[in-house]
>>> print(open('model05.cif').read())   # mmCIF, C-alpha atoms and all ligand atoms
data_work
loop_
_atom_site.group_PDB
_atom_site.id
_atom_site.type_symbol
_atom_site.label_atom_id
_atom_site.label_comp_id
_atom_site.auth_asym_id
_atom_site.auth_seq_id
_atom_site.Cartn_x
_atom_site.Cartn_y
_atom_site.Cartn_z
ATOM 1 C CA MET A 1 30.899 75.534 -51.537
ATOM 2 C CA ASP A 2 33.818 74.371 -53.604
ATOM 3 C CA SER A 3 36.554 72.597 -51.677
ATOM 4 C CA SER A 4 39.397 74.698 -53.093
ATOM 5 C CA TYR A 5 37.626 77.819 -51.728
ATOM 6 C CA THR A 6 37.269 76.127 -48.304
ATOM 7 C CA GLN A 7 40.942 75.085 -48.269
ATOM 8 C CA LEU A 8 42.032 78.577 -49.267
ATOM 9 C CA HIS A 9 39.794 80.128 -46.599
ATOM 10 C CA GLN A 10 41.120 77.728 -43.951
ATOM 11 C CA ALA A 11 44.695 78.476 -44.973
ATOM 12 C CA GLU A 12 44.034 82.216 -44.722
ATOM 13 C CA SER A 13 42.569 81.999 -41.258
ATOM 14 C CA ARG A 14 45.427 80.061 -39.657
ATOM 15 C CA LEU A 15 46.701 81.878 -36.557
ATOM 16 C CA ALA A 16 50.293 81.604 -37.785
ATOM 17 C CA ASP A 17 49.452 83.580 -40.929
ATOM 18 C CA LYS A 18 48.227 86.528 -38.890
ATOM 19 C CA ALA A 19 51.215 86.554 -36.541
ATOM 20 C CA ASP A 20 54.214 88.855 -36.747
ATOM 21 C CA LYS A 21 57.349 86.725 -36.324
ATOM 22 C CA HIS A 22 59.393 89.454 -34.599
ATOM 23 C CA HIS A 23 56.605 90.282 -32.188
ATOM 24 C CA ILE A 24 56.111 86.589 -31.317
ATOM 25 C CA TYR A 25 59.875 86.070 -30.882
ATOM 26 C CA GLN A 26 60.077 89.000 -28.450
ATOM 27 C CA LEU A 27 57.039 87.741 -26.540
ATOM 28 C CA MET A 28 58.160 84.122 -26.303
ATOM 29 C CA VAL A 29 61.960 84.284 -26.059
ATOM 30 C CA GLN A 30 63.001 87.618 -24.607
ATOM 31 C CA SER A 31 62.610 89.177 -21.129
ATOM 32 C CA PRO A 32 64.313 92.565 -21.381
ATOM 33 C CA GLU A 33 63.310 93.813 -17.922
ATOM 34 C CA ALA A 34 64.685 90.654 -16.257
ATOM 35 C CA ASP A 35 67.885 90.867 -18.358
ATOM 36 C CA ILE A 36 68.406 94.535 -17.456
ATOM 37 C CA ASN A 37 67.814 93.798 -13.783
ATOM 38 C CA LEU A 38 70.285 90.919 -13.879
ATOM 39 C CA MET A 39 72.970 92.946 -15.692
ATOM 40 C CA GLN A 40 72.701 95.849 -13.241
ATOM 41 C CA THR A 41 72.735 93.501 -10.228
ATOM 42 C CA ILE A 42 75.918 91.774 -11.396
ATOM 43 C CA TYR A 43 77.568 95.023 -12.523
ATOM 44 C CA ARG A 44 76.813 96.711 -9.195
ATOM 45 C CA SER A 45 78.039 93.737 -7.185
ATOM 46 C CA SER A 46 81.305 93.636 -9.171
ATOM 47 C CA THR A 47 82.060 97.363 -9.554
ATOM 48 C CA GLY A 48 79.791 99.252 -7.132
ATOM 49 C CA ARG A 49 78.517 101.274 -10.123
ATOM 50 C CA VAL A 50 75.333 101.606 -12.163
ATOM 51 C CA GLY A 51 75.687 100.900 -15.874
ATOM 52 C CA ARG A 52 74.548 103.789 -18.099
ATOM 53 C CA HIS A 53 75.733 102.988 -21.642
ATOM 54 C CA LEU A 54 74.753 99.507 -22.874
ATOM 55 C CA ARG A 55 75.903 97.661 -25.942
ATOM 56 C CA GLU A 56 73.577 94.871 -27.106
ATOM 57 C CA ASP A 57 75.340 92.484 -29.504
ATOM 58 C CA PHE A 58 73.292 90.311 -31.937
ATOM 59 C CA CYS A 59 70.537 92.786 -31.055
ATOM 60 C CA GLY A 60 68.007 91.692 -33.705
ATOM 61 C CA THR A 61 65.077 94.058 -33.073
ATOM 62 C CA GLY A 62 66.994 95.825 -30.270
ATOM 63 C CA TYR A 63 64.236 94.956 -27.786
ATOM 64 C CA THR A 64 66.492 94.965 -24.694
ATOM 65 C CA LEU A 65 68.237 98.169 -25.783
ATOM 66 C CA SER A 66 64.877 99.899 -26.311
ATOM 67 C CA ARG A 67 63.801 99.078 -22.732
ATOM 68 C CA TRP A 68 67.226 100.213 -21.480
ATOM 69 C CA VAL A 69 67.125 103.693 -23.067
ATOM 70 C CA ALA A 70 63.479 104.118 -21.984
ATOM 71 C CA GLN A 71 64.506 104.033 -18.275
ATOM 72 C CA ASP A 72 65.437 107.744 -18.103
ATOM 73 C CA THR A 73 67.611 110.348 -19.810
ATOM 74 C CA SER A 74 70.835 109.039 -18.219
ATOM 75 C CA PHE A 75 70.572 105.716 -20.108
ATOM 76 C CA SER A 76 71.884 105.290 -23.646
ATOM 77 C CA GLY A 77 73.184 102.469 -25.795
ATOM 78 C CA GLU A 78 74.048 100.828 -29.085
ATOM 79 C CA GLY A 79 72.878 97.646 -30.790
ATOM 80 C CA PHE A 80 74.760 95.658 -33.437
ATOM 81 C CA ASP A 81 73.283 93.210 -35.961
ATOM 82 C CA ILE A 82 74.071 92.317 -39.570
ATOM 83 C CA ASP A 83 70.476 91.652 -40.661
ATOM 84 C CA PRO A 84 68.538 94.719 -41.877
ATOM 85 C CA ASP A 85 65.127 93.038 -41.439
ATOM 86 C CA PRO A 86 64.969 92.845 -37.589
ATOM 87 C CA ILE A 87 66.850 96.160 -37.296
ATOM 88 C CA LYS A 88 64.247 97.937 -39.425
ATOM 89 C CA TRP A 89 61.332 96.244 -37.626
ATOM 90 C CA GLY A 90 62.881 97.110 -34.251
ATOM 91 C CA TRP A 91 63.360 100.757 -35.159
ATOM 92 C CA TYR A 92 59.686 101.222 -36.085
ATOM 93 C CA ASN A 93 58.172 99.021 -33.375
ATOM 94 C CA ASN A 94 60.506 99.329 -30.369
ATOM 95 C CA PHE A 95 62.224 102.710 -30.721
ATOM 96 C CA ALA A 96 59.979 105.103 -32.685
ATOM 97 C CA PRO A 97 57.144 104.827 -30.080
ATOM 98 C CA LEU A 98 59.590 106.067 -27.401
ATOM 99 C CA GLY A 99 59.730 109.568 -28.932
ATOM 100 C CA ASP A 100 62.806 111.564 -27.840
ATOM 101 C CA ALA A 101 64.177 108.603 -25.831
ATOM 102 C CA ALA A 102 64.642 106.697 -29.097
ATOM 103 C CA MET A 103 67.501 109.076 -29.952
ATOM 104 C CA ARG A 104 69.501 107.659 -27.034
ATOM 105 C CA GLY A 105 69.641 104.270 -28.788
ATOM 106 C CA LYS A 106 71.686 103.706 -31.934
ATOM 107 C CA LEU A 107 71.138 100.596 -34.039
ATOM 108 C CA HIS A 108 74.156 99.675 -36.184
ATOM 109 C CA LEU A 109 73.807 97.420 -39.210
ATOM 110 C CA LYS A 110 77.266 96.009 -38.491
ATOM 111 C CA ASP A 111 79.145 92.927 -37.399
ATOM 112 C CA VAL A 112 79.504 92.516 -33.603
ATOM 113 C CA ARG A 113 83.283 92.664 -33.965
ATOM 114 C CA GLU A 114 83.053 96.359 -35.006
ATOM 115 C CA PRO A 115 83.810 99.024 -32.360
ATOM 116 C CA SER A 116 81.178 101.064 -30.496
ATOM 117 C CA LEU A 117 80.666 104.808 -30.919
ATOM 118 C CA ALA A 118 81.076 105.226 -27.124
ATOM 119 C CA ALA A 119 82.715 102.674 -24.814
ATOM 120 C CA PRO A 120 79.876 100.734 -23.103
ATOM 121 C CA ASP A 121 79.747 100.187 -19.317
ATOM 122 C CA ILE A 122 78.015 96.880 -20.023
ATOM 123 C CA ARG A 123 78.154 94.812 -23.200
ATOM 124 C CA CYS A 124 75.832 91.812 -23.557
ATOM 125 C CA ALA A 125 75.182 88.913 -25.921
ATOM 126 C CA PHE A 126 72.105 86.942 -24.861
ATOM 127 C CA ASN A 127 70.188 83.883 -25.954
ATOM 128 C CA PHE A 128 73.468 82.199 -26.901
ATOM 129 C CA SER A 129 73.618 84.101 -30.225
ATOM 130 C CA TYR A 130 77.416 84.327 -30.026
ATOM 131 C CA TRP A 131 77.526 80.520 -30.538
ATOM 132 C CA VAL A 132 77.385 81.316 -34.294
ATOM 133 C CA PHE A 133 81.165 81.653 -33.917
ATOM 134 C CA ARG A 134 82.100 77.979 -34.205
ATOM 135 C CA LYS A 135 85.882 78.128 -34.492
ATOM 136 C CA ARG A 136 88.148 78.916 -31.543
ATOM 137 C CA GLU A 137 89.885 81.754 -33.489
ATOM 138 C CA GLU A 138 86.523 83.310 -34.380
ATOM 139 C CA MET A 139 85.306 83.281 -30.769
ATOM 140 C CA LEU A 140 88.649 84.607 -29.532
ATOM 141 C CA GLY A 141 88.478 87.389 -32.150
ATOM 142 C CA TYR A 142 84.999 88.355 -30.922
ATOM 143 C CA PHE A 143 85.989 88.271 -27.229
ATOM 144 C CA THR A 144 89.154 90.284 -27.966
ATOM 145 C CA ALA A 145 87.135 92.927 -29.849
ATOM 146 C CA ALA A 146 84.738 93.096 -26.862
ATOM 147 C CA TYR A 147 87.637 93.457 -24.405
ATOM 148 C CA GLU A 148 89.329 96.222 -26.404
ATOM 149 C CA ASP A 149 86.064 98.151 -26.779
ATOM 150 C CA LEU A 150 85.309 98.258 -23.014
ATOM 151 C CA PRO A 151 86.449 101.044 -20.687
ATOM 152 C CA GLU A 152 88.228 100.289 -17.420
ATOM 153 C CA HIS A 153 85.665 98.536 -15.146
ATOM 154 C CA GLY A 154 83.517 97.650 -18.171
ATOM 155 C CA MET A 155 81.630 94.338 -18.054
ATOM 156 C CA PHE A 156 81.007 91.823 -20.828
ATOM 157 C CA ILE A 157 78.156 89.432 -20.052
ATOM 158 C CA ILE A 158 77.031 86.394 -22.042
ATOM 159 C CA ASP A 159 74.641 83.568 -21.299
ATOM 160 C CA VAL A 160 75.391 79.883 -21.696
ATOM 161 C CA THR A 161 73.274 76.748 -21.543
ATOM 162 C CA GLY A 162 74.021 73.051 -21.107
ATOM 163 C CA GLY A 163 73.211 69.953 -19.104
ATOM 164 C CA THR A 164 72.730 66.293 -19.788
ATOM 165 C CA ASP A 165 69.899 67.068 -22.268
ATOM 166 C CA SER A 166 71.820 69.727 -24.151
ATOM 167 C CA LEU A 167 73.011 67.497 -26.976
ATOM 168 C CA SER A 168 69.639 65.848 -27.503
ATOM 169 C CA GLU A 169 67.818 66.295 -30.808
ATOM 170 C CA GLU A 170 64.464 66.134 -28.981
ATOM 171 C CA PRO A 171 62.538 69.409 -29.267
ATOM 172 C CA PHE A 172 62.408 71.491 -26.093
ATOM 173 C CA GLU A 173 58.974 73.075 -25.738
ATOM 174 C CA SER A 174 57.739 75.870 -23.484
ATOM 175 C CA GLU A 175 54.294 77.496 -23.478
ATOM 176 C CA ASN A 176 53.001 80.992 -22.995
ATOM 177 C CA GLY A 177 49.208 81.055 -23.161
ATOM 178 C CA GLU A 178 48.090 79.877 -26.588
ATOM 179 C CA ILE A 179 51.578 79.729 -28.127
ATOM 180 C CA SER A 180 54.319 77.098 -27.812
ATOM 181 C CA CYS A 181 57.960 77.885 -28.382
ATOM 182 C CA ILE A 182 60.001 74.944 -29.696
ATOM 183 C CA TRP A 183 63.816 74.963 -29.618
ATOM 184 C CA GLN A 184 65.371 72.115 -31.549
ATOM 185 C CA GLN A 185 68.950 71.165 -32.328
ATOM 186 C CA GLN A 186 69.547 68.764 -35.207
ATOM 187 C CA ASN A 187 72.530 67.308 -37.061
ATOM 188 C CA TYR A 188 74.739 67.586 -33.973
ATOM 189 C CA SER A 189 78.348 66.589 -34.636
ATOM 190 C CA PRO A 190 80.192 65.004 -31.678
ATOM 191 C CA VAL A 191 83.472 65.778 -33.444
ATOM 192 C CA ASN A 192 83.120 69.566 -33.572
ATOM 193 C CA HIS A 193 79.982 70.188 -31.417
ATOM 194 C CA SER A 194 78.175 72.033 -34.219
ATOM 195 C CA ALA A 195 74.392 71.660 -34.649
ATOM 196 C CA ASP A 196 71.511 73.250 -36.570
ATOM 197 C CA LEU A 197 69.258 75.298 -34.313
ATOM 198 C CA THR A 198 65.697 76.342 -35.072
ATOM 199 C CA ILE A 199 63.256 78.196 -32.832
ATOM 200 C CA ARG A 200 59.658 77.579 -33.994
ATOM 201 C CA PHE A 201 56.329 78.882 -32.735
ATOM 202 C CA ARG A 202 53.132 76.783 -32.761
ATOM 203 C CA PHE A 203 49.660 78.225 -32.233
ATOM 204 C CA SER A 204 46.583 76.656 -30.618
ATOM 205 C CA ASP A 205 45.153 75.696 -34.056
ATOM 206 C CA GLY A 206 48.335 73.675 -34.784
ATOM 207 C CA SER A 207 49.669 76.150 -37.334
ATOM 208 C CA GLU A 208 53.338 77.125 -37.111
ATOM 209 C CA ILE A 209 55.115 80.337 -37.901
ATOM 210 C CA GLU A 210 58.221 80.390 -40.084
ATOM 211 C CA PRO A 211 61.230 80.476 -37.688
ATOM 212 C CA PRO A 212 62.528 84.069 -37.469
ATOM 213 C CA TYR A 213 66.039 82.729 -36.869
ATOM 214 C CA ARG A 214 67.752 79.498 -37.836
ATOM 215 C CA TYR A 215 71.451 78.864 -37.886
ATOM 216 C CA ARG A 216 74.289 76.431 -37.421
ATOM 217 C CA TRP A 217 76.008 77.011 -34.110
ATOM 218 C CA ARG A 218 78.494 75.321 -31.807
ATOM 219 C CA VAL A 219 77.544 73.978 -28.395
ATOM 220 C CA TRP A 220 80.226 75.577 -26.201
ATOM 221 C CA THR A 221 81.074 74.655 -22.605
ATOM 222 C CA ILE A 222 81.765 77.039 -19.702
ATOM 223 C CA PRO A 223 85.466 76.082 -19.271
ATOM 224 C CA GLU A 224 86.130 76.582 -23.001
ATOM 225 C CA LEU A 225 84.540 80.036 -22.838
ATOM 226 C CA GLN A 226 86.388 80.939 -19.608
ATOM 227 C CA ASP A 227 89.702 80.006 -21.266
ATOM 228 C CA LEU A 228 88.918 82.163 -24.291
ATOM 229 C CA LEU A 229 87.845 85.130 -22.139
ATOM 230 C CA THR A 230 91.123 84.847 -20.216
ATOM 231 C CA ALA A 231 93.077 84.668 -23.498
ATOM 232 C CA ALA A 232 91.230 87.805 -24.678
ATOM 233 C CA GLY A 233 92.538 89.687 -21.602
ATOM 234 C CA PHE A 234 89.629 89.668 -19.125
ATOM 235 C CA SER A 235 90.799 89.681 -15.498
ATOM 236 C CA SER A 236 87.801 88.667 -13.387
ATOM 237 C CA ILE A 237 85.496 86.033 -14.848
ATOM 238 C CA GLU A 238 82.500 84.954 -12.762
ATOM 239 C CA VAL A 239 79.844 82.337 -13.450
ATOM 240 C CA TRP A 240 76.341 83.213 -12.240
ATOM 241 C CA TRP A 241 74.012 80.216 -11.917
ATOM 242 C CA GLN A 242 70.271 80.419 -12.391
ATOM 243 C CA GLY A 243 68.219 79.605 -9.275
ATOM 244 C CA ASP A 244 64.871 77.858 -9.002
ATOM 245 C CA GLU A 245 62.705 81.001 -8.879
ATOM 246 C CA GLY A 246 60.848 82.071 -12.050
ATOM 247 C CA ASP A 247 61.289 80.195 -15.317
ATOM 248 C CA GLU A 248 64.179 79.642 -17.676
ATOM 249 C CA PHE A 249 63.438 82.832 -19.622
ATOM 250 C CA SER A 250 62.636 85.316 -16.870
ATOM 251 C CA SER A 251 64.464 84.346 -13.686
ATOM 252 C CA ILE A 252 66.637 86.995 -12.108
ATOM 253 C CA ASP A 253 67.529 84.705 -9.236
ATOM 254 C CA TYR A 254 71.197 84.118 -10.134
ATOM 255 C CA GLN A 255 74.022 83.321 -7.689
ATOM 256 C CA VAL A 256 77.759 83.396 -8.313
ATOM 257 C CA THR A 257 79.270 79.896 -8.227
ATOM 258 C CA ASP A 258 82.366 77.859 -9.049
ATOM 259 C CA LYS A 259 80.484 74.540 -9.051
ATOM 260 C CA GLY A 260 77.014 74.853 -10.638
ATOM 261 C CA ARG A 261 74.504 71.993 -10.583
ATOM 262 C CA ASN A 262 74.341 68.997 -12.904
ATOM 263 C CA ASP A 263 70.750 69.573 -14.077
ATOM 264 C CA PRO A 264 69.405 68.089 -17.331
ATOM 265 C CA CYS A 265 69.024 71.633 -18.664
ATOM 266 C CA TRP A 266 70.593 74.686 -17.085
ATOM 267 C CA VAL A 267 71.187 78.343 -17.960
ATOM 268 C CA ALA A 268 74.031 80.423 -16.531
ATOM 269 C CA CYS A 269 75.703 83.755 -17.236
ATOM 270 C CA ILE A 270 79.384 84.522 -17.506
ATOM 271 C CA ALA A 271 80.334 88.048 -16.437
ATOM 272 C CA ALA A 272 83.841 89.161 -17.424
ATOM 273 C CA LEU A 273 85.405 92.399 -16.187
ATOM 274 C CA LYS A 274 88.152 94.371 -17.889
HETATM 275 C C1 LIG A 301 68.541 84.885 -32.368
HETATM 276 S S1 LIG A 301 68.873 86.468 -32.939
HETATM 277 C C2 LIG A 301 69.019 87.343 -31.415
HETATM 278 C C3 LIG A 301 67.775 88.101 -31.098
HETATM 279 C C4 LIG A 301 67.778 88.749 -29.753
HETATM 280 N N1 LIG A 301 68.783 89.781 -29.633
HETATM 281 C C5 LIG A 301 67.923 87.775 -28.602
HETATM 282 O O1 LIG A 301 68.799 87.957 -27.753
HETATM 283 O O2 LIG A 301 67.147 86.830 -28.495
HETATM 284 C C6 LIG A 301 70.534 86.366 -33.536
HETATM 285 C C7 LIG A 301 70.932 87.607 -34.331
HETATM 286 O O3 LIG A 301 72.349 87.561 -34.542
HETATM 287 C C8 LIG A 301 72.603 88.228 -35.756
HETATM 288 N N2 LIG A 301 74.001 87.935 -36.173
HETATM 289 C C9 LIG A 301 74.536 86.736 -36.536
HETATM 290 N N3 LIG A 301 75.860 86.870 -36.777
HETATM 291 C C10 LIG A 301 76.169 88.174 -36.527
HETATM 292 C C11 LIG A 301 77.382 88.933 -36.568
HETATM 293 N N4 LIG A 301 78.562 88.377 -36.900
HETATM 294 N N5 LIG A 301 77.338 90.254 -36.249
HETATM 295 C C12 LIG A 301 76.157 90.839 -35.907
HETATM 296 N N6 LIG A 301 74.980 90.172 -35.840
HETATM 297 C C13 LIG A 301 74.987 88.857 -36.147
HETATM 298 C C14 LIG A 301 71.515 87.722 -36.683
HETATM 299 O O4 LIG A 301 71.312 88.603 -37.774
HETATM 300 C C15 LIG A 301 70.303 87.681 -35.720
HETATM 301 O O5 LIG A 301 69.535 88.843 -35.814
#
>>> encode(input="model05.cif", output="structure tokens")
Amino acid sequence: MDSSYTQLHQAESRLADKADKHHIYQLMVQSPEADINLMQTIYRSSTGRVGRHLREDFCGTGYTLSRWVAQDTSFSGEGFDIDPDPIKWGWYNNFAPLGDAAMRGKLHLKDVREPSLAAPDIRCAFNFSYWVFRKREEMLGYFTAAYEDLPEHGMFIIDVTGGTDSLSEEPFESENGEISCIWQQQNYSPVNHSADLTIRFRFSDGSEIEPPYRYRWRVWTIPELQDLLTAAGFSSIEVWWQGDEGDEFSSIDYQVTDKGRNDPCWVACIAALK
């Protein structure tokens, strides 16, 4: 058999070539049920209420929102993202299979600083996506838009990561069965804390999928974000620290804290109330 045929055949049968990047991202990076559980736990502990209308910022495929509206007819929500590709994929793959429940979720092809159709009880930005805002004024503008869009008792919740390893350019790898997920920051600037982030997926045959998302972001710290949330108008700002149960992507074992723990790599959430 001629070697060009063999090479072509091998290239065609690589696991990465058969994979759907949005499906793999959802599988490897997101845990919507754990996120929903965490948001409701924090919202209930802060307000005594159950959140009904969710806004998911930087929603991509709207995976979390789709699980939210699927709970029952009293749950609705909106997702915001500027990229038509994940929005379209998410509509067909996450919402359309829900039937009538899909109508309770609205995906907006819009910037996260745009207002909601209905004021959300809970507004979230997860997986540190809001770090695309690298300048103080940009982040303040986003937080102010979030504050103004919330009703009284509304909650804005964002996640944050850090630790002694957080500025390293070494890839951080986690596995789920046959697939590895590799987060890597490169070209970090100590002057302005910006870095290039890629999230790659490697399969058991060594082939890698094209990263679904890559961007330049800023590595923010909790006190900087607390100051900006205060400047945006938020009254109560709590830090919830991830416990030891579960793993870094699915734990719901969070405790409120004003100290945290100096781990090499930690994940926390900041919950800000209007
Ligand atoms: C890593 S994905 C987030 C996927 C998923 N929601 C998650 O939490 O893992 C980041 C998303 O942010 C979107 N994005 C970046 N800047 C944005 C902006 N200013 N307004 C709305 N979406 C934005 C990108 O299009 C991309 O889909």
>>> atom_distance(input="model05.cif", atom1="CA of Trp266 (chain A)", atom2="CA of Arg113 (chain A)")
27.7 Å
>>> residues_near_ligand(input="model05.cif", ligand="ligand LIG 301 (chain A)", cutoff="9 Å", atoms="only C-alpha atoms and all ligand atoms", output="compact mmCIF listing (two decimals) with C-alpha atoms, in the frame of the given file")
# COMPACT_ATOMS: atom_id res chain seq x y z
CA TYR A 25 59.88 86.07 -30.88
CA GLN A 26 60.08 89.00 -28.45
CA VAL A 29 61.96 84.28 -26.06
CA GLN A 30 63.00 87.62 -24.61
CA SER A 31 62.61 89.18 -21.13
CA GLU A 56 73.58 94.87 -27.11
CA ASP A 57 75.34 92.48 -29.50
CA PHE A 58 73.29 90.31 -31.94
CA CYS A 59 70.54 92.79 -31.06
CA GLY A 60 68.01 91.69 -33.70
CA THR A 61 65.08 94.06 -33.07
CA GLY A 62 66.99 95.82 -30.27
CA TYR A 63 64.24 94.96 -27.79
CA THR A 64 66.49 94.96 -24.69
CA GLY A 79 72.88 97.65 -30.79
CA PHE A 80 74.76 95.66 -33.44
CA ASP A 81 73.28 93.21 -35.96
CA ILE A 82 74.07 92.32 -39.57
CA ASP A 83 70.48 91.65 -40.66
CA PRO A 84 68.54 94.72 -41.88
CA ASP A 85 65.13 93.04 -41.44
CA PRO A 86 64.97 92.84 -37.59
CA ILE A 87 66.85 96.16 -37.30
CA LEU A 109 73.81 97.42 -39.21
CA LYS A 110 77.27 96.01 -38.49
CA ASP A 111 79.14 92.93 -37.40
CA VAL A 112 79.50 92.52 -33.60
CA ARG A 113 83.28 92.66 -33.97
CA GLU A 114 83.05 96.36 -35.01
CA ALA A 125 75.18 88.91 -25.92
CA PHE A 126 72.10 86.94 -24.86
CA ASN A 127 70.19 83.88 -25.95
CA PHE A 128 73.47 82.20 -26.90
CA SER A 129 73.62 84.10 -30.22
CA TYR A 130 77.42 84.33 -30.03
CA VAL A 132 77.39 81.32 -34.29
CA PHE A 133 81.17 81.65 -33.92
CA TYR A 142 85.00 88.36 -30.92
CA ILE A 199 63.26 78.20 -32.83
CA PRO A 212 62.53 84.07 -37.47
CA TYR A 213 66.04 82.73 -36.87
CA ARG A 214 67.75 79.50 -37.84
CA TYR A 215 71.45 78.86 -37.89
>>> resolve_selection(input="model05.cif", expression="the PyMOL selection byres (((chain A and resi 67) around 9) and not hetatm)", output="list in words")
Pro32, Glu33, Ile36, Gly62, Tyr63, Thr64, Leu65, Ser66, Trp68, Val69, Ala70, Gln71, Asn94 and Phe95 of chain A
>>> residues_around(input="model05.cif", residues="Ala16 (chain A)", least_positions_apart="4", cutoff="12 Å", atoms="all atoms listed in the file", output="JSON, numbers by chain")
{"A": [10, 11, 12, 20, 21, 24, 178, 179, 180, 200, 201, 202, 203, 204, 205, 206, 207, 208, 209, 210, 211]}
>>> residues_around(input="model05.cif", residues="His53 (chain A)", least_positions_apart="3", cutoff="6 Å", atoms="all atoms listed in the file", output="number ranges by chain")
A: 76-77, 120-121
>>> closest_residue(input="model05.cif", among="A:Tyr254, A:Tyr188, A:Lys18, A:Pro171", to="Asn37 (chain A)", atoms="all atoms listed in the file")
A:Tyr254
>>> closest_residue(input="model05.cif", among="A:Leu54, A:Ile42, A:Ala34, A:Ile182", to="Gln255 (chain A)", atoms="all atoms listed in the file")
A:Ile42
>>> atom_distance(input="model05.cif", atom1="CA of Leu98 (chain A)", atom2="CA of His23 (chain A)")
16.8 Å
>>> closest_atom_pairs(input="model05.cif", of="region 213-235 of chain A", to="region 145-168 of chain A", cutoff="9 Å", atoms="all atoms listed in the file", output="tab-separated table")
residue	atom	partner	partner_atom	distance
A:Val219	CA	A:Leu167	CA	8.0
A:Trp220	CA	A:Val160	CA	7.9
A:Thr221	CA	A:Gly162	CA	7.4
A:Ile222	CA	A:Val160	CA	7.3
A:Leu229	CA	A:Tyr147	CA	8.6
A:Ala232	CA	A:Tyr147	CA	6.7
A:Gly233	CA	A:Tyr147	CA	6.8
A:Phe234	CA	A:Tyr147	CA	6.8
>>> atom_distance(input="model05.cif", atom1="CA of Trp217 (chain A)", atom2="CA of Ser194 (chain A)")
5.4 Å
>>> resolve_selection(input="model05.cif", expression="the PyMOL selection byres (((chain A and resi 228) around 9) and not hetatm)", output="number ranges by chain")
A: 136, 139-140, 143-144, 223-227, 229-233
>>> write_last_selection(input="model05.cif", atoms="C-alpha atoms", output="PDB file, in the frame of the given file")
ATOM      1  CA  ARG A 136      88.148  78.916 -31.543  1.00  0.00           C
ATOM      2  CA  MET A 139      85.306  83.281 -30.769  1.00  0.00           C
ATOM      3  CA  LEU A 140      88.649  84.607 -29.532  1.00  0.00           C
ATOM      4  CA  PHE A 143      85.989  88.271 -27.229  1.00  0.00           C
ATOM      5  CA  THR A 144      89.154  90.284 -27.966  1.00  0.00           C
ATOM      6  CA  PRO A 223      85.466  76.082 -19.271  1.00  0.00           C
ATOM      7  CA  GLU A 224      86.130  76.582 -23.001  1.00  0.00           C
ATOM      8  CA  LEU A 225      84.540  80.036 -22.838  1.00  0.00           C
ATOM      9  CA  GLN A 226      86.388  80.939 -19.608  1.00  0.00           C
ATOM     10  CA  ASP A 227      89.702  80.006 -21.266  1.00  0.00           C
ATOM     11  CA  LEU A 229      87.845  85.130 -22.139  1.00  0.00           C
ATOM     12  CA  THR A 230      91.123  84.847 -20.216  1.00  0.00           C
ATOM     13  CA  ALA A 231      93.077  84.668 -23.498  1.00  0.00           C
ATOM     14  CA  ALA A 232      91.230  87.805 -24.678  1.00  0.00           C
ATOM     15  CA  GLY A 233      92.538  89.687 -21.602  1.00  0.00           C
TER      16      GLY A 233
END
>>> residues_around(input="model05.cif", residues="Lys259 (chain A)", least_positions_apart="2", cutoff="10 Å", atoms="only C-alpha atoms", output="MDAnalysis selection string")
chainID A and resid 239 241 256:257 261:262
>>> decode(input="model05.cif", residues="region 124-134 of chain A", atoms="N, CA and C atoms", output="mmCIF file, in the first residue's frame")
data_model
loop_
_atom_site.group_PDB
_atom_site.id
_atom_site.type_symbol
_atom_site.label_atom_id
_atom_site.label_comp_id
_atom_site.auth_asym_id
_atom_site.auth_seq_id
_atom_site.Cartn_x
_atom_site.Cartn_y
_atom_site.Cartn_z
ATOM 1 N N CYS A 124 -24.545 34.971 36.506
ATOM 2 C CA CYS A 124 -23.263 34.302 36.728
ATOM 3 C C CYS A 124 -22.307 34.500 35.555
ATOM 4 N N ALA A 125 -21.020 34.450 35.877
ATOM 5 C CA ALA A 125 -19.964 34.394 34.852
ATOM 6 C C ALA A 125 -18.948 33.394 35.383
ATOM 7 N N PHE A 126 -18.902 32.193 34.746
ATOM 8 C CA PHE A 126 -18.052 31.133 35.279
ATOM 9 C C PHE A 126 -16.893 30.803 34.345
ATOM 10 N N ASN A 127 -15.991 30.030 34.919
ATOM 11 C CA ASN A 127 -14.753 29.629 34.239
ATOM 12 C C ASN A 127 -13.895 30.836 33.863
ATOM 13 N N PHE A 128 -14.009 31.879 34.697
ATOM 14 C CA PHE A 128 -13.102 33.034 34.649
ATOM 15 C C PHE A 128 -13.184 33.789 33.322
ATOM 16 N N SER A 129 -14.287 33.582 32.567
ATOM 17 C CA SER A 129 -14.395 34.200 31.235
ATOM 18 C C SER A 129 -14.334 35.722 31.309
ATOM 19 N N TYR A 130 -14.815 36.288 32.425
ATOM 20 C CA TYR A 130 -14.851 37.757 32.523
ATOM 21 C C TYR A 130 -13.443 38.347 32.599
ATOM 22 N N TRP A 131 -12.402 37.503 32.754
ATOM 23 C CA TRP A 131 -11.024 38.003 32.774
ATOM 24 C C TRP A 131 -10.587 38.530 31.400
ATOM 25 N N VAL A 132 -11.449 38.391 30.380
ATOM 26 C CA VAL A 132 -11.139 39.019 29.071
ATOM 27 C C VAL A 132 -11.122 40.536 29.214
ATOM 28 N N PHE A 133 -11.806 41.055 30.258
ATOM 29 C CA PHE A 133 -11.733 42.504 30.500
ATOM 30 C C PHE A 133 -10.442 42.767 31.272
ATOM 31 N N ARG A 134 -9.464 43.363 30.590
ATOM 32 C CA ARG A 134 -8.120 43.467 31.185
ATOM 33 C C ARG A 134 -7.857 44.815 31.845
#
